[in-house]
file protein.txt (compact mmCIF, C-alpha atoms)
# COMPACT_ATOMS: atom_id res chain seq x y z
CA MET A 1 13.05 -96.22 -80.60
CA ASN A 2 15.46 -98.48 -82.42
CA GLU A 3 19.21 -98.09 -82.37
CA LEU A 4 19.32 -96.19 -85.65
CA GLU A 5 16.88 -93.56 -84.36
CA ARG A 6 18.78 -92.78 -81.16
CA PRO A 7 20.28 -89.28 -81.10
CA VAL A 8 24.02 -89.15 -81.41
CA LEU A 9 25.64 -87.53 -78.39
CA ALA A 10 28.48 -85.17 -79.23
CA PRO A 11 30.63 -82.78 -77.24
CA ARG A 12 29.16 -79.32 -76.82
CA PRO A 13 30.89 -77.03 -79.32
CA MET A 14 32.81 -74.15 -77.76
CA GLY A 15 34.34 -71.10 -79.31
CA ALA A 16 37.45 -69.28 -78.27
CA VAL A 17 35.86 -68.65 -74.85
CA ASN A 18 33.80 -71.08 -72.81
CA TRP A 19 31.14 -68.52 -71.96
CA LEU A 20 28.85 -71.01 -70.22
CA GLY A 21 31.66 -72.30 -68.02
CA LEU A 22 32.86 -68.77 -67.27
CA TRP A 23 29.35 -67.66 -66.32
CA THR A 24 28.86 -70.76 -64.16
CA LEU A 25 32.07 -70.10 -62.20
CA TYR A 26 31.16 -66.43 -61.80
CA ALA A 27 27.62 -67.29 -60.65
CA LYS A 28 29.02 -69.80 -58.14
CA GLU A 29 31.29 -67.14 -56.64
CA VAL A 30 28.47 -64.59 -56.41
CA ARG A 31 26.01 -67.03 -54.86
CA ARG A 32 28.66 -68.14 -52.40
CA PHE A 33 28.86 -64.70 -50.77
CA LEU A 34 25.18 -63.83 -51.21
CA ASN A 35 24.14 -66.97 -49.31
CA VAL A 36 25.78 -65.48 -46.21
CA HIS A 37 25.07 -61.82 -47.01
CA LEU A 38 24.91 -60.75 -43.36
CA GLN A 39 28.51 -61.87 -42.94
CA THR A 40 29.88 -60.83 -46.33
CA VAL A 41 27.94 -57.58 -46.92
CA GLY A 42 26.23 -56.54 -43.71
CA ALA A 43 29.19 -56.99 -41.34
CA PRO A 44 31.65 -54.88 -43.41
CA VAL A 45 29.11 -52.05 -43.52
CA VAL A 46 28.79 -52.06 -39.73
CA THR A 47 32.59 -52.17 -39.35
CA SER A 48 33.00 -49.16 -41.66
CA LEU A 49 30.39 -47.19 -39.73
CA LEU A 50 32.25 -47.97 -36.51
CA PHE A 51 35.52 -46.74 -38.06
CA LEU A 52 33.73 -43.57 -39.15
CA ALA A 53 32.27 -43.00 -35.69
CA VAL A 54 35.55 -43.63 -33.88
CA PHE A 55 37.60 -41.31 -36.08
CA LEU A 56 35.00 -38.55 -36.01
CA LEU A 57 34.66 -38.77 -32.22
CA ALA A 58 38.44 -38.94 -31.70
CA LEU A 59 39.56 -36.40 -34.29
CA GLY A 60 36.42 -34.57 -35.35
CA ARG A 61 37.09 -31.50 -33.22
CA ALA A 62 40.87 -31.48 -33.62
CA VAL A 63 40.74 -31.93 -37.41
CA GLU A 64 37.66 -30.15 -38.73
CA THR A 65 38.78 -29.85 -42.36
CA VAL A 66 41.27 -31.57 -44.68
CA ASN A 67 42.26 -29.91 -47.95
CA GLY A 68 39.41 -27.47 -47.54
CA ILE A 69 36.60 -30.01 -47.01
CA ALA A 70 34.99 -31.41 -43.88
CA PHE A 71 36.96 -34.25 -42.28
CA ALA A 72 33.96 -36.58 -42.45
CA THR A 73 33.54 -35.91 -46.18
CA PHE A 74 37.26 -36.54 -46.70
CA LEU A 75 37.23 -39.73 -44.64
CA ALA A 76 34.14 -41.45 -46.06
CA PRO A 77 35.42 -42.34 -49.57
CA GLY A 78 38.60 -43.85 -48.12
CA LEU A 79 36.60 -46.05 -45.76
CA VAL A 80 34.33 -47.16 -48.59
CA MET A 81 37.32 -48.06 -50.75
CA MET A 82 39.10 -49.88 -47.94
CA THR A 83 35.99 -51.96 -47.30
CA MET A 84 35.62 -52.78 -51.00
CA VAL A 85 39.15 -54.00 -51.55
CA GLN A 86 39.37 -55.99 -48.32
CA ASN A 87 36.22 -57.88 -49.24
CA ALA A 88 37.35 -58.45 -52.82
CA PHE A 89 40.55 -59.98 -51.47
CA ALA A 90 38.68 -62.10 -48.94
CA ASN A 91 36.33 -63.46 -51.61
CA THR A 92 38.96 -64.97 -53.91
CA SER A 93 41.47 -66.00 -51.26
CA SER A 94 38.89 -67.76 -49.08
CA SER A 95 37.14 -69.41 -52.02
CA ILE A 96 40.32 -70.99 -53.36
CA MET A 97 41.75 -71.80 -49.92
CA ILE A 98 38.55 -73.50 -48.73
CA ALA A 99 38.34 -75.49 -51.97
CA LYS A 100 41.92 -76.68 -51.49
CA VAL A 101 41.41 -77.60 -47.83
CA GLN A 102 38.14 -79.45 -48.48
CA GLY A 103 39.59 -81.17 -51.52
CA ASN A 104 36.93 -79.96 -53.98
CA ILE A 105 39.27 -77.70 -55.96
CA VAL A 106 39.11 -80.51 -58.52
CA ASP A 107 35.53 -79.40 -59.28
CA VAL A 108 37.00 -76.20 -60.72
CA LEU A 109 40.07 -77.76 -62.34
CA MET A 110 38.25 -80.58 -64.16
CA PRO A 111 35.75 -78.59 -66.30
CA PRO A 112 36.95 -77.30 -69.69
CA LEU A 113 37.97 -73.90 -68.37
CA SER A 114 41.17 -72.27 -69.54
CA PRO A 115 43.48 -70.58 -66.97
CA GLY A 116 42.34 -67.19 -68.22
CA GLU A 117 38.67 -68.13 -67.79
CA MET A 118 39.33 -69.36 -64.26
CA VAL A 119 41.11 -66.13 -63.34
CA ALA A 120 38.28 -64.09 -64.89
CA GLY A 121 35.53 -66.07 -63.13
CA PHE A 122 37.09 -65.82 -59.68
CA ALA A 123 38.07 -62.16 -60.16
CA MET A 124 34.69 -61.00 -61.48
CA GLY A 125 32.93 -62.66 -58.56
CA ALA A 126 35.20 -60.83 -56.12
CA VAL A 127 34.74 -57.50 -57.93
CA THR A 128 30.98 -57.99 -57.70
CA ARG A 129 31.27 -58.51 -53.94
CA GLY A 130 33.44 -55.41 -53.66
CA ILE A 131 30.86 -53.33 -55.54
CA PHE A 132 27.98 -54.72 -53.45
CA VAL A 133 29.80 -53.87 -50.22
CA GLY A 134 30.93 -50.47 -51.52
CA VAL A 135 27.44 -49.38 -52.56
CA ALA A 136 25.93 -50.61 -49.29
CA THR A 137 28.61 -48.82 -47.26
CA ALA A 138 28.23 -45.55 -49.20
CA VAL A 139 24.44 -45.61 -48.79
CA ALA A 140 24.77 -46.24 -45.05
CA MET A 141 27.34 -43.45 -44.63
CA ALA A 142 25.17 -41.02 -46.59
CA PHE A 143 22.85 -40.86 -43.57
CA PHE A 144 25.66 -39.41 -41.46
CA VAL A 145 28.06 -37.75 -43.93
CA ASP A 146 27.55 -35.31 -46.78
CA ILE A 147 28.45 -37.50 -49.78
CA SER A 148 28.21 -36.09 -53.30
CA ILE A 149 29.46 -37.24 -56.70
CA HIS A 150 32.01 -35.08 -58.49
CA ASN A 151 33.14 -37.46 -61.26
CA ILE A 152 31.24 -40.72 -61.72
CA TRP A 153 33.83 -42.09 -64.16
CA ALA A 154 36.62 -41.75 -61.60
CA ILE A 155 34.47 -43.54 -59.02
CA LEU A 156 33.72 -46.39 -61.42
CA TYR A 157 37.26 -46.77 -62.75
CA PHE A 158 39.08 -46.66 -59.43
CA GLY A 159 36.39 -48.67 -57.63
CA ILE A 160 36.41 -51.50 -60.19
CA SER A 161 40.18 -51.40 -60.79
CA ALA A 162 40.98 -51.46 -57.07
CA SER A 163 38.57 -54.34 -56.44
CA LEU A 164 40.12 -56.21 -59.36
CA MET A 165 43.62 -55.62 -58.03
CA LEU A 166 42.80 -57.11 -54.62
CA ALA A 167 40.78 -59.90 -56.23
CA LEU A 168 43.83 -60.91 -58.27
CA LEU A 169 46.06 -60.63 -55.21
CA GLY A 170 43.58 -62.90 -53.42
CA ILE A 171 43.80 -65.47 -56.23
CA ALA A 172 47.59 -65.46 -56.04
CA GLY A 173 47.47 -65.70 -52.25
CA GLY A 174 44.89 -68.48 -52.30
CA VAL A 175 46.88 -70.55 -54.80
CA TRP A 176 50.14 -70.00 -52.89
CA ALA A 177 48.72 -70.66 -49.42
CA GLU A 178 48.76 -74.15 -47.96
CA LYS A 179 46.77 -73.25 -44.84
CA PHE A 180 44.71 -70.35 -43.54
CA ASP A 181 47.69 -69.00 -41.61
CA HIS A 182 49.34 -68.22 -44.94
CA ILE A 183 46.35 -66.13 -46.01
CA ALA A 184 46.60 -64.28 -42.69
CA VAL A 185 50.24 -63.51 -43.53
CA VAL A 186 49.21 -61.83 -46.80
CA THR A 187 46.44 -59.92 -45.04
CA ASN A 188 48.50 -58.80 -42.05
CA PHE A 189 51.75 -57.96 -43.84
CA ILE A 190 50.55 -56.72 -47.24
CA VAL A 191 46.88 -55.76 -47.44
CA THR A 192 46.36 -54.12 -44.03
CA PRO A 193 49.64 -52.12 -43.90
CA LEU A 194 49.26 -50.83 -47.45
CA SER A 195 45.64 -49.90 -46.72
CA PHE A 196 46.47 -47.93 -43.57
CA LEU A 197 49.50 -46.25 -45.17
CA SER A 198 47.60 -45.18 -48.28
CA GLY A 199 46.08 -41.92 -47.10
CA THR A 200 42.75 -43.44 -46.12
CA PHE A 201 42.59 -41.50 -42.85
CA TYR A 202 44.81 -38.52 -43.67
CA SER A 203 46.07 -36.38 -46.51
CA ALA A 204 49.42 -37.34 -48.00
CA ASP A 205 50.29 -33.63 -48.04
CA SER A 206 50.34 -33.66 -44.23
CA LEU A 207 53.21 -36.17 -44.17
CA PRO A 208 56.89 -35.20 -43.92
CA GLU A 209 58.69 -34.91 -47.24
CA ALA A 210 60.15 -38.42 -46.98
CA GLY A 211 56.70 -39.81 -46.20
CA GLN A 212 55.18 -38.07 -49.21
CA ILE A 213 57.80 -39.67 -51.46
CA LEU A 214 57.26 -43.14 -50.01
CA VAL A 215 53.48 -42.99 -50.19
CA HIS A 216 53.67 -42.48 -53.97
CA PHE A 217 55.25 -45.94 -54.26
CA ASN A 218 52.15 -47.47 -52.67
CA PRO A 219 49.56 -48.51 -55.30
CA PHE A 220 46.87 -48.34 -52.61
CA PHE A 221 47.48 -44.60 -52.40
CA TYR A 222 46.46 -44.12 -56.03
CA MET A 223 43.25 -46.12 -55.72
CA ILE A 224 42.21 -44.23 -52.57
CA ASP A 225 43.22 -40.86 -54.04
CA GLY A 226 41.42 -41.42 -57.34
CA PHE A 227 38.29 -42.77 -55.67
CA ARG A 228 38.20 -39.82 -53.26
CA TYR A 229 38.62 -37.44 -56.20
CA GLY A 230 35.48 -38.94 -57.75
CA PHE A 231 33.48 -37.82 -54.71
CA THR A 232 35.20 -34.62 -53.62
CA GLY A 233 37.07 -33.32 -56.66
CA ILE A 234 40.24 -33.10 -54.52
CA SER A 235 43.32 -35.29 -54.85
CA ASP A 236 46.83 -35.44 -53.43
CA GLY A 237 48.35 -36.96 -56.56
CA THR A 238 47.87 -36.92 -60.32
CA ILE A 239 44.73 -38.77 -61.40
CA MET A 240 46.19 -39.94 -64.71
CA THR A 241 49.19 -41.38 -62.90
CA GLY A 242 46.77 -43.34 -60.72
CA VAL A 243 44.95 -44.62 -63.80
CA ILE A 244 48.20 -45.90 -65.30
CA VAL A 245 49.53 -47.37 -62.04
CA LEU A 246 46.38 -49.42 -61.42
CA ALA A 247 46.28 -50.61 -65.03
CA VAL A 248 49.92 -51.75 -64.88
CA VAL A 249 49.59 -53.43 -61.48
CA ASN A 250 46.44 -55.26 -62.59
CA ALA A 251 48.15 -56.44 -65.77
CA VAL A 252 51.12 -57.78 -63.80
CA LEU A 253 48.88 -59.53 -61.26
CA TRP A 254 46.73 -61.01 -64.04
CA VAL A 255 49.77 -62.53 -65.73
CA LEU A 256 51.00 -63.86 -62.37
CA CYS A 257 47.66 -65.52 -61.59
CA TYR A 258 47.39 -66.90 -65.11
CA ARG A 259 50.82 -68.50 -64.94
CA MET A 260 50.21 -69.91 -61.45
CA ILE A 261 46.97 -71.59 -62.50
CA LYS A 262 48.29 -72.73 -65.87
CA SER A 263 51.29 -74.41 -64.24
CA GLY A 264 49.09 -76.04 -61.59
CA TYR A 265 51.25 -74.50 -58.87
CA LYS A 266 50.08 -75.99 -55.54
CA LEU A 267 46.81 -76.97 -57.23
CA LYS A 268 47.65 -80.26 -58.89
CA ALA A 269 49.26 -83.19 -57.12
call {"tool": "encode", "arguments": {"input": "protein.txt", "output": "structure tokens"}}
result
Amino acid sequence: MNELERPVLAPRPMGAVNWLGLWTLYAKEVRRFLNVHLQTVGAPVVTSLLFLAVFLLALGRAVETVNGIAFATFLAPGLVMMTMVQNAFANTSSSIMIAKVQGNIVDVLMPPLSPGEMVAGFAMGAVTRGIFVGVATAVAMAFFVDISIHNIWAILYFGISASLMLALLGIAGGVWAEKFDHIAVVTNFIVTPLSFLSGTFYSADSLPEAGQILVHFNPFFYMIDGFRYGFTGISDGTIMTGVIVLAVVNAVLWVLCYRMIKSGYKLKA
């Protein structure tokens, strides 16, 4: 082949969205947690079953029903949701933090990915992990608890929206953190308290009046309440309010993550 016959190499044309790059980042995030599925999927399922067993053994006889349904049926959706969001948060925060510590965050920053595409790739990978863990946990609990579906759309909306919310919080936490202790701060002082004070293990109606007012300022309450409604048809709050709250919180977190990555905050030297 002479010089005139050699093919001319040119940059790969891209449209408004780098779909190949976005898919590659998403696939990397999914494969990352699937490669250690016993740790990322199996372990959370076992932990949720232990929570279920402990609460049923400790409170099963004292609290037989909540809002007219069996305590186990009331408790199960909250445990599933808590497991989903904690794993969605862990996926993005650990992925970004490990990349920063090992120095290979440049492998994500160098490709032609826009800040929005980076946020989407990381977030969708974490949402996928949340859904994997949630489905596995619900299937495992179905052997011990009467689980039925009342409204599939509520389950899908609140399950995906809640996983997205914690995925975005994990991105923000991972970008902000300079060491793993900082991620532990976010987990211990934001994620865990809001999870336990969201009505996961109890009905908000059982709280004192001041507690009922405060719990409605917790976005975790709305995701637990809406998700539980999808299974039981019973809720402590207004479902449409929960839909709006999660949409607004996710929008705010998306903008925050976008601006952090676009500015290179704690990512670029």
call {"tool": "residues_around", "arguments": {"input": "protein.txt", "residues": "range 21-34 of chain A", "least_positions_apart": "4", "cutoff": "7 Å", "atoms": "all atoms listed in the file", "output": "list in words"}}
result
Thr40, Leu113, Glu117, Gly121, Phe122, Met124 and Gly125 of chain A
call {"tool": "residues_around", "arguments": {"input": "protein.txt", "residues": "Ala99 in chain A", "least_positions_apart": "2", "cutoff": "12 Å", "atoms": "only C-alpha atoms", "output": "mmCIF file with C-alpha atoms, in the coordinates of the input"}}
result
data_model
loop_
_atom_site.group_PDB
_atom_site.id
_atom_site.type_symbol
_atom_site.label_atom_id
_atom_site.label_comp_id
_atom_site.auth_asym_id
_atom_site.auth_seq_id
_atom_site.Cartn_x
_atom_site.Cartn_y
_atom_site.Cartn_z
ATOM 1 C CA GLU A 29 31.290 -67.140 -56.640
ATOM 2 C CA THR A 92 38.960 -64.970 -53.910
ATOM 3 C CA SER A 93 41.470 -66.000 -51.260
ATOM 4 C CA SER A 94 38.890 -67.760 -49.080
ATOM 5 C CA SER A 95 37.140 -69.410 -52.020
ATOM 6 C CA ILE A 96 40.320 -70.990 -53.360
ATOM 7 C CA MET A 97 41.750 -71.800 -49.920
ATOM 8 C CA VAL A 101 41.410 -77.600 -47.830
ATOM 9 C CA GLN A 102 38.140 -79.450 -48.480
ATOM 10 C CA GLY A 103 39.590 -81.170 -51.520
ATOM 11 C CA ASN A 104 36.930 -79.960 -53.980
ATOM 12 C CA ILE A 105 39.270 -77.700 -55.960
ATOM 13 C CA VAL A 106 39.110 -80.510 -58.520
ATOM 14 C CA ASP A 107 35.530 -79.400 -59.280
ATOM 15 C CA VAL A 108 37.000 -76.200 -60.720
ATOM 16 C CA LEU A 109 40.070 -77.760 -62.340
ATOM 17 C CA GLY A 174 44.890 -68.480 -52.300
ATOM 18 C CA VAL A 175 46.880 -70.550 -54.800
ATOM 19 C CA ALA A 177 48.720 -70.660 -49.420
ATOM 20 C CA GLU A 178 48.760 -74.150 -47.960
ATOM 21 C CA LYS A 179 46.770 -73.250 -44.840
ATOM 22 C CA PHE A 180 44.710 -70.350 -43.540
ATOM 23 C CA LEU A 267 46.810 -76.970 -57.230
#
call {"tool": "atom_distance", "arguments": {"input": "protein.txt", "atom1": "CA of Asn67 in chain A", "atom2": "CA of Phe231 in chain A"}}
result
13.6 Å
call {"tool": "atom_distance", "arguments": {"input": "protein.txt", "atom1": "CA of Ile183 in chain A", "atom2": "CA of Leu168 in chain A"}}
result
13.6 Å
call {"tool": "residues_near_point", "arguments": {"input": "protein.txt", "point": "(51.0, -41.8, -51.7)", "cutoff": "7 Å", "atoms": "all atoms listed in the file", "output": "VMD selection string"}}
result
chain A and resid 198 to 199 204 212 214 to 218 221 to 222
call {"tool": "atom_distance", "arguments": {"input": "protein.txt", "atom1": "CA of Gln86 in chain A", "atom2": "CA of Ala210 in chain A"}}
result
27.2 Å
call {"tool": "closest_atom_pairs", "arguments": {"input": "protein.txt", "of": "range 28-85 of chain A", "to": "range 137-160 of chain A", "cutoff": "12 Å", "atoms": "all atoms listed in the file", "output": "Markdown table"}}
result
| residue | atom | partner | partner_atom | distance |
| --- | --- | --- | --- | --- |
| A:Val41 | CA | A:Thr137 | CA | 8.8 |
| A:Gly42 | CA | A:Thr137 | CA | 8.8 |
| A:Ala43 | CA | A:Thr137 | CA | 10.1 |
| A:Pro44 | CA | A:Thr137 | CA | 7.8 |
| A:Val45 | CA | A:Thr137 | CA | 5.0 |
| A:Val46 | CA | A:Thr137 | CA | 8.2 |
| A:Thr47 | CA | A:Thr137 | CA | 9.5 |
| A:Ser48 | CA | A:Thr137 | CA | 7.1 |
| A:Leu49 | CA | A:Met141 | CA | 6.9 |
| A:Leu50 | CA | A:Met141 | CA | 10.5 |
| A:Phe51 | CA | A:Met141 | CA | 11.0 |
| A:Leu52 | CA | A:Met141 | CA | 8.4 |
| A:Ala53 | CA | A:Phe144 | CA | 9.5 |
| A:Leu56 | CA | A:Val145 | CA | 10.6 |
| A:Ile69 | CA | A:Asp146 | CA | 10.5 |
| A:Ala70 | CA | A:Asp146 | CA | 8.9 |
| A:Phe71 | CA | A:Val145 | CA | 9.7 |
| A:Ala72 | CA | A:Val145 | CA | 6.2 |
| A:Thr73 | CA | A:Asp146 | CA | 6.0 |
| A:Phe74 | CA | A:Ile147 | CA | 9.4 |
| A:Leu75 | CA | A:Val145 | CA | 9.4 |
| A:Ala76 | CA | A:Met141 | CA | 7.2 |
| A:Pro77 | CA | A:Ala138 | CA | 7.9 |
| A:Gly78 | CA | A:Ala138 | CA | 10.6 |
| A:Leu79 | CA | A:Thr137 | CA | 8.6 |
| A:Val80 | CA | A:Thr137 | CA | 6.1 |
| A:Met81 | CA | A:Gly159 | CA | 7.0 |
| A:Met82 | CA | A:Gly159 | CA | 10.1 |
| A:Thr83 | CA | A:Thr137 | CA | 8.0 |
| A:Met84 | CA | A:Gly159 | CA | 7.8 |
| A:Val85 | CA | A:Gly159 | CA | 8.5 |
call {"tool": "residues_around", "arguments": {"input": "protein.txt", "residues": "Thr238 in chain A", "least_positions_apart": "2", "cutoff": "12 Å", "atoms": "all atoms listed in the file", "output": "JSON, numbers by chain"}}
result
{"A": [216, 221, 222, 223, 225, 226, 229, 233, 234, 235, 236, 240, 241, 242, 243, 244, 245]}
call {"tool": "closest_residue", "arguments": {"input": "protein.txt", "among": "A:Gly264, A:Pro219, A:Gly173, A:Gly230", "to": "Asn250 in chain A", "atoms": "all atoms listed in the file"}}
result
A:Pro219
call {"tool": "closest_residue", "arguments": {"input": "protein.txt", "among": "A:Leu20, A:Leu38, A:Ala184, A:Leu253", "to": "Ala136 in chain A", "atoms": "only C-alpha atoms"}}
result
A:Leu38
call {"tool": "closest_residue", "arguments": {"input": "protein.txt", "among": "A:Ser114, A:Leu197, A:Trp19, A:Gly130", "to": "Ile261 in chain A", "atoms": "all atoms listed in the file"}}
result
A:Ser114
call {"tool": "decode", "arguments": {"input": "protein.txt", "residues": "range 206-221 of chain A", "atoms": "N, CA, C and O atoms", "output": "compact mmCIF listing (two decimals), in the first residue's frame"}}
result
# COMPACT_ATOMS: atom_id res chain seq x y z
N SER A 206 -46.87 7.41 64.94
CA SER A 206 -46.66 7.02 66.34
C SER A 206 -45.76 7.99 67.08
O SER A 206 -45.60 7.88 68.30
N LEU A 207 -45.17 8.96 66.36
CA LEU A 207 -44.28 9.93 66.99
C LEU A 207 -45.07 11.03 67.66
O LEU A 207 -46.23 11.29 67.33
N PRO A 208 -44.46 11.73 68.64
CA PRO A 208 -45.11 12.92 69.20
C PRO A 208 -45.34 13.96 68.11
O PRO A 208 -44.74 13.88 67.03
N GLU A 209 -46.16 14.93 68.39
CA GLU A 209 -46.51 15.92 67.37
C GLU A 209 -45.28 16.62 66.81
O GLU A 209 -45.17 16.83 65.60
N ALA A 210 -44.34 16.99 67.69
CA ALA A 210 -43.12 17.66 67.22
C ALA A 210 -42.32 16.74 66.32
O ALA A 210 -41.74 17.17 65.31
N GLY A 211 -42.28 15.45 66.66
CA GLY A 211 -41.55 14.49 65.84
C GLY A 211 -42.18 14.31 64.48
O GLY A 211 -41.48 14.16 63.47
N GLN A 212 -43.50 14.33 64.43
CA GLN A 212 -44.20 14.19 63.15
C GLN A 212 -43.90 15.38 62.24
O GLN A 212 -43.78 15.24 61.01
N ILE A 213 -43.77 16.56 62.83
CA ILE A 213 -43.45 17.75 62.02
C ILE A 213 -42.03 17.65 61.49
O ILE A 213 -41.77 17.90 60.30
N LEU A 214 -41.10 17.25 62.35
CA LEU A 214 -39.70 17.18 61.94
C LEU A 214 -39.46 16.12 60.88
O LEU A 214 -38.67 16.33 59.96
N VAL A 215 -40.14 14.98 61.01
CA VAL A 215 -39.89 13.90 60.07
C VAL A 215 -40.28 14.29 58.64
O VAL A 215 -39.73 13.79 57.66
N HIS A 216 -41.23 15.23 58.50
CA HIS A 216 -41.65 15.65 57.17
C HIS A 216 -40.63 16.58 56.50
O HIS A 216 -40.80 16.94 55.33
N PHE A 217 -39.59 16.97 57.23
CA PHE A 217 -38.50 17.72 56.63
C PHE A 217 -37.35 16.80 56.21
O PHE A 217 -36.33 17.27 55.70
N ASN A 218 -37.52 15.52 56.40
CA ASN A 218 -36.51 14.53 56.05
C ASN A 218 -36.87 13.90 54.70
O ASN A 218 -37.86 13.18 54.59
N PRO A 219 -36.08 14.14 53.65
CA PRO A 219 -36.42 13.56 52.34
C PRO A 219 -36.42 12.04 52.35
O PRO A 219 -37.11 11.42 51.54
N PHE A 220 -35.67 11.43 53.29
CA PHE A 220 -35.66 9.98 53.37
C PHE A 220 -37.04 9.45 53.78
O PHE A 220 -37.41 8.34 53.42
N PHE A 221 -37.77 10.23 54.55
CA PHE A 221 -39.11 9.82 54.95
C PHE A 221 -40.00 9.61 53.73
O PHE A 221 -40.75 8.63 53.65
